[in-house]
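Engineer: Following this message is one structure expressed as structure tokens.
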Amino acid sequence: MNRVDELFKKYNFSYLNDEGCYIANVYNCNIKTQNNISIASHAFGIYLKEPKSFSRFHRLSNDEFWHFYEGDSFKLHILYPDGRYETVIMGKNISDGELLHKLVPAGAWQAGELIDGTYALFGCTVAPAFSDGIFELRDKEKLSKQFPKYKEIINRL
């Protein structure tokens with residue numbers, strides 16, 4: 001059994017059609033907010049070369065903290081509400097400037113993709129916890145108008 005098969009068997013990943021990647025929910029805190037939402041949640045995600053997977057541009061109304069765990073480096077694209085664009089390489093090569101973790105603040109658009117290699121295992125911690133009402137998938141046309149310099153990336157992801 002190869003490592004990707006082992007991870008899928010252990011964590012029961014499922015494919016998210018809207019977002020374009022595989023996710024395994026692994027933790028929801030028992031402590032709740034006043035609205036009965038867990039104060040934090042954590043999920044594993046995995047990008048694969050085959051079948052190709054990535055994260056389409058989306059945003060959350062809560063902060064999301066990304067963690068690199070293993071495999072190959074991946075690129076995280078962030079479009080901030082003030083118009084800034086940032087590309088972050090998540091990976092184990094910290095001496096080359098790769099990051100093991102990155103905060104994407106609430107309201108920022110984000111997308112991710114494998115750079116090269118076979119797979120990247122990552123985690124995302126959301127606080128307050130991920131719930132149905134905090135996720136917004138990008139509208140390519142609207143997002144391209146808001147960030148015209150990044151239209152190619154927006155259309156691709």
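Simple scheme: letters A, B, ... for chains in structure tokens order, numbers from 1 for residues in each chain, numbers from 1 for ligands in the order shown.
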Tell me which protein, DNA and RNA residues are within 6 Å of A:Arg56, counting only C-alpha atoms, leaving out same-chain ones fewer than 6 positions away, and put them as a PyMOL selection string.
Structural biologist: chain A and resi 19+111+157
Engineer: I need the residues from that last selection saved to file as a short mmCIF file (atom, residue, chain, number, x, y, z; two decimals), in the first residue's frame (with all heavy atoms), if you can.
Structural biologist:
```cif
data_model
loop_
_atom_site.label_atom_id
_atom_site.label_comp_id
_atom_site.auth_asym_id
_atom_site.auth_seq_id
_atom_site.Cartn_x
_atom_site.Cartn_y
_atom_site.Cartn_z
N GLU A 19 -15.22 22.65 -4.23
CA GLU A 19 -13.88 23.17 -3.99
C GLU A 19 -12.82 22.51 -4.85
O GLU A 19 -11.82 23.12 -5.21
CB GLU A 19 -13.52 23.06 -2.51
CG GLU A 19 -12.31 23.88 -2.15
CD GLU A 19 -12.06 23.95 -0.66
OE1 GLU A 19 -12.99 23.76 0.13
OE2 GLU A 19 -10.90 24.19 -0.29
N ALA A 111 -6.97 30.05 -2.59
CA ALA A 111 -6.98 28.87 -3.46
C ALA A 111 -5.64 28.18 -3.30
O ALA A 111 -4.64 28.81 -2.93
CB ALA A 111 -7.19 29.27 -4.92
N LEU A 157 -8.22 28.56 -11.20
CA LEU A 157 -8.59 27.98 -9.92
C LEU A 157 -9.95 28.50 -9.46
O LEU A 157 -10.33 28.50 -8.36
CB LEU A 157 -7.52 28.30 -8.87
CG LEU A 157 -6.13 27.74 -9.17
CD1 LEU A 157 -5.11 28.27 -8.16
CD2 LEU A 157 -6.16 26.22 -9.14
#
```
Engineer: I'd like to know which residues of stretch 16-73 of chain A are strand (DSSP E) (by DSSP, run on the backbone); could you write them as an MDAnalysis selection string?
Structural biologist: chainID A and resid 16 21:28 41:48 54:60 63:71
Engineer: Selected residues, C-alpha atoms, written as a PDB file, in the first residue's frame, please.
Structural biologist:
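Output (out15.pdb):
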```
ATOM      1  CA  LEU A  16     -15.563  18.172  -2.373  1.00  0.00           C
ATOM      2  CA  CYS A  21     -10.057  18.721  -3.339  1.00  0.00           C
ATOM      3  CA  TYR A  22     -10.240  15.902  -0.816  1.00  0.00           C
ATOM      4  CA  ILE A  23     -11.065  16.659   2.832  1.00  0.00           C
ATOM      5  CA  ALA A  24     -11.291  14.616   6.040  1.00  0.00           C
ATOM      6  CA  ASN A  25     -12.897  16.252   9.050  1.00  0.00           C
ATOM      7  CA  VAL A  26     -10.915  15.236  12.101  1.00  0.00           C
ATOM      8  CA  TYR A  27     -11.917  17.533  14.979  1.00  0.00           C
ATOM      9  CA  ASN A  28     -14.758  19.690  16.250  1.00  0.00           C
ATOM     10  CA  SER A  41     -12.573  22.700  13.967  1.00  0.00           C
ATOM     11  CA  HIS A  42      -9.767  20.974  12.119  1.00  0.00           C
ATOM     12  CA  ALA A  43      -9.701  19.081   8.826  1.00  0.00           C
ATOM     13  CA  PHE A  44      -7.048  17.353   6.770  1.00  0.00           C
ATOM     14  CA  GLY A  45      -6.874  18.111   3.069  1.00  0.00           C
ATOM     15  CA  ILE A  46      -4.882  16.445   0.350  1.00  0.00           C
ATOM     16  CA  TYR A  47      -3.875  17.633  -3.098  1.00  0.00           C
ATOM     17  CA  LEU A  48      -3.106  14.898  -5.626  1.00  0.00           C
ATOM     18  CA  PHE A  54      -6.775  21.668  -5.924  1.00  0.00           C
ATOM     19  CA  SER A  55      -8.780  24.276  -4.020  1.00  0.00           C
ATOM     20  CA  ARG A  56     -10.853  26.686  -6.084  1.00  0.00           C
ATOM     21  CA  PHE A  57     -10.928  30.276  -4.888  1.00  0.00           C
ATOM     22  CA  HIS A  58     -13.182  30.570  -1.889  1.00  0.00           C
ATOM     23  CA  ARG A  59     -13.413  32.628   1.257  1.00  0.00           C
ATOM     24  CA  LEU A  60     -14.544  32.098   4.791  1.00  0.00           C
ATOM     25  CA  ASP A  63      -9.996  32.912  10.139  1.00  0.00           C
ATOM     26  CA  GLU A  64      -8.417  29.770   8.679  1.00  0.00           C
ATOM     27  CA  PHE A  65      -4.996  28.541   9.724  1.00  0.00           C
ATOM     28  CA  TRP A  66      -3.234  26.285   7.169  1.00  0.00           C
ATOM     29  CA  HIS A  67      -0.651  23.654   8.226  1.00  0.00           C
ATOM     30  CA  PHE A  68       1.714  21.668   6.000  1.00  0.00           C
ATOM     31  CA  TYR A  69       2.183  18.062   7.147  1.00  0.00           C
ATOM     32  CA  GLU A  70       3.893  15.944   4.515  1.00  0.00           C
ATOM     33  CA  GLY A  71       4.451  15.211   0.878  1.00  0.00           C
TER      34      GLY A  71
END
```
Engineer: Quick one: pull the distance between atom CA of A:Glu50 and atom CA of A:Phe74, Å, one decimal.
Structural biologist: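 For atom CA of A:Glu50 relative to atom CA of A:Phe74, the distance reads 14.7 Å.
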Engineer: Counting only C-alpha atoms, which of A:Leu76, A:Ser61, A:Asp82, A:Ser14 gets nearest to A:Ala106?
Structural biologist: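 Of A:Leu76, A:Ser61, A:Asp82, A:Ser14, the one nearest A:Ala106 is A:Ser61, counting only C-alpha atoms.
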Engineer: Between A:Ala129, A:Ile78, A:Leu121, A:Met90, which residue has the minimum interatomic distance to A:Ala108, considering only C-alpha atoms?
Structural biologist: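 Using only C-alpha atoms, the shortest distance to A:Ala108 belongs to A:Ile78.
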